[in-house]
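Novice: Just passing along the structure, written as structure tokens.
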Amino acid sequence: MTATEPVAAPAAESNIAAAPQPAPGATPPRTPLIARAAAELVGTAALVAIVVGSGIQATDLTDDVALQLLANSTATVFGLGVLIALLGPVSGAHFNPAVTLAEWWNARRGGAGVNTRELAVYVPSQIAGAIAGAILADAMFGEPLVKWSTHDRSAGNLLLGEVVATAGLILLIFGLARTDRLRFAPVAVASYIGAAYWFTSSTSFANPAVTVGRAFTDTFAGIAPASVPGFIGMQLIGAGVGLALVAVIFMRGKTSTGTPSA
């Protein structure tokens, strides 16, 4: 061995270095399902606590609704980016049944994604986490732990906003996956949600679990229980629109033999 030759790494270190590291947004197949469920529960709880808590803080600090929304959206952008970066390598950082359902549909069509068993674990974990996050935020700010929201969001323009917000989110996530750029998910997804706070009429819930959780708090970020079914329905429609856009925009070409190209 010459002085310029690298020293061979121990076998254990070599194996660790060679192991593929999943990008945020991907679902690592070797991570135990219980760990992924815990990541989805904790991540969704933290996301809702950020959304609800920053909304309460904002309304305590100012009566200017524009500043309230700016504070709320800014906290959500930073918090969501951190959560995706932290928990993406564990569970894929869905924190959103619409994303999980889209992955499940993608897997049924031969792509990467969660299977039916994982779907059945992820979605309840996300919903439970969202409810826990809303209760935690209320507790931190001395609000009633559970008080149904009275913030009606049933107007048709708000429902359209949810279709647009969710379709854009699904297009972004699966577009990044199709172009092998999921490493940008923490920044890209957080930035999109921050922008959608402002360019959609509904302030971009784009997430059935978060919608359910936000019904449990009668604060700035709340949504009346009667408005929840409409929002979730539009979010699911938006997810379908987003998948259709992915299929068209990121259509895979074919080789001369007729098989899909990489």
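Going by the structure tokens order, chains are called A, B, ..., each with residues numbered from 1, while ligands are numbered from 1 in the order shown.
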Quick one: everything within 9 Å of Leu119 of chain A, counting only C-alpha atoms, minus sequence neighbours fewer than 5 positions away in the same chain. Send it as a PyMOL selection string.
Specialist: chain A and resi 97+100-101+103-104+114+124
Novice: Please, could you write that set of residues out with N, CA and C atoms as an mmCIF file, in the first residue's frame?
Specialist:
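Everything below was put into result28.cif:
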```cif
data_model
loop_
_atom_site.group_PDB
_atom_site.id
_atom_site.type_symbol
_atom_site.label_atom_id
_atom_site.label_comp_id
_atom_site.auth_asym_id
_atom_site.auth_seq_id
_atom_site.Cartn_x
_atom_site.Cartn_y
_atom_site.Cartn_z
ATOM 1 N N PRO A 97 -53.134 12.734 4.842
ATOM 2 C CA PRO A 97 -53.782 11.576 4.204
ATOM 3 C C PRO A 97 -53.916 11.708 2.695
ATOM 4 N N THR A 100 -50.676 10.455 1.356
ATOM 5 C CA THR A 100 -50.591 9.006 1.563
ATOM 6 C C THR A 100 -51.489 8.256 0.586
ATOM 7 N N LEU A 101 -52.713 8.744 0.392
ATOM 8 C CA LEU A 101 -53.624 8.113 -0.565
ATOM 9 C C LEU A 101 -53.079 8.187 -1.981
ATOM 10 N N GLU A 103 -49.918 8.296 -2.803
ATOM 11 C CA GLU A 103 -48.819 7.317 -2.869
ATOM 12 C C GLU A 103 -49.366 5.904 -3.021
ATOM 13 N N TRP A 104 -50.415 5.608 -2.260
ATOM 14 C CA TRP A 104 -51.024 4.281 -2.337
ATOM 15 C C TRP A 104 -51.543 4.029 -3.761
ATOM 16 N N VAL A 114 -46.849 3.545 -0.650
ATOM 17 C CA VAL A 114 -47.254 2.707 0.474
ATOM 18 C C VAL A 114 -48.239 1.644 0.008
ATOM 19 N N PRO A 124 -54.765 6.878 10.195
ATOM 20 C CA PRO A 124 -55.201 7.096 11.589
ATOM 21 C C PRO A 124 -54.138 7.796 12.434
#
```
Novice: For segment 221-237 of chain A, list every protein, DNA or RNA residue within 9 Å, evaluated using only C-alpha atoms, and leave out those in the same chain fewer than 2 positions away; present the list as an MDAnalysis selection string.
Specialist: chainID A and resid 51:56 72 98 101 148:155 158:167 205:209 211:219 239:242
Novice: Measuring between only C-alpha atoms, which one of A:Leu171, A:Leu67, A:Ala130, A:Ile34 shows the shortest distance to Ala46 of chain A?
Specialist: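 Nearest to Ala46 of chain A: A:Ala130.
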Novice: Which of segment 64-256 of chain A counts as helix (DSSP H, G or I) under DSSP, as a PyMOL selection string please?
Specialist: chain A and resi 65-91+97-108+116-140+156-178+182-199+208-214+225-249
Novice: Contacts of Val90 of chain A at 6 Å or less, counting only C-alpha atoms, minus same-chain residues fewer than 2 places along, as a ChimeraX atom specification?
Specialist: /A:36,87-88
Novice: For Gly111 of chain A, which of A:Ala177, A:Leu245, A:Leu172, A:Val187 is the closest residue, counting only C-alpha atoms?
Specialist: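 Closest to Gly111 of chain A, using only C-alpha atoms: A:Ala177.
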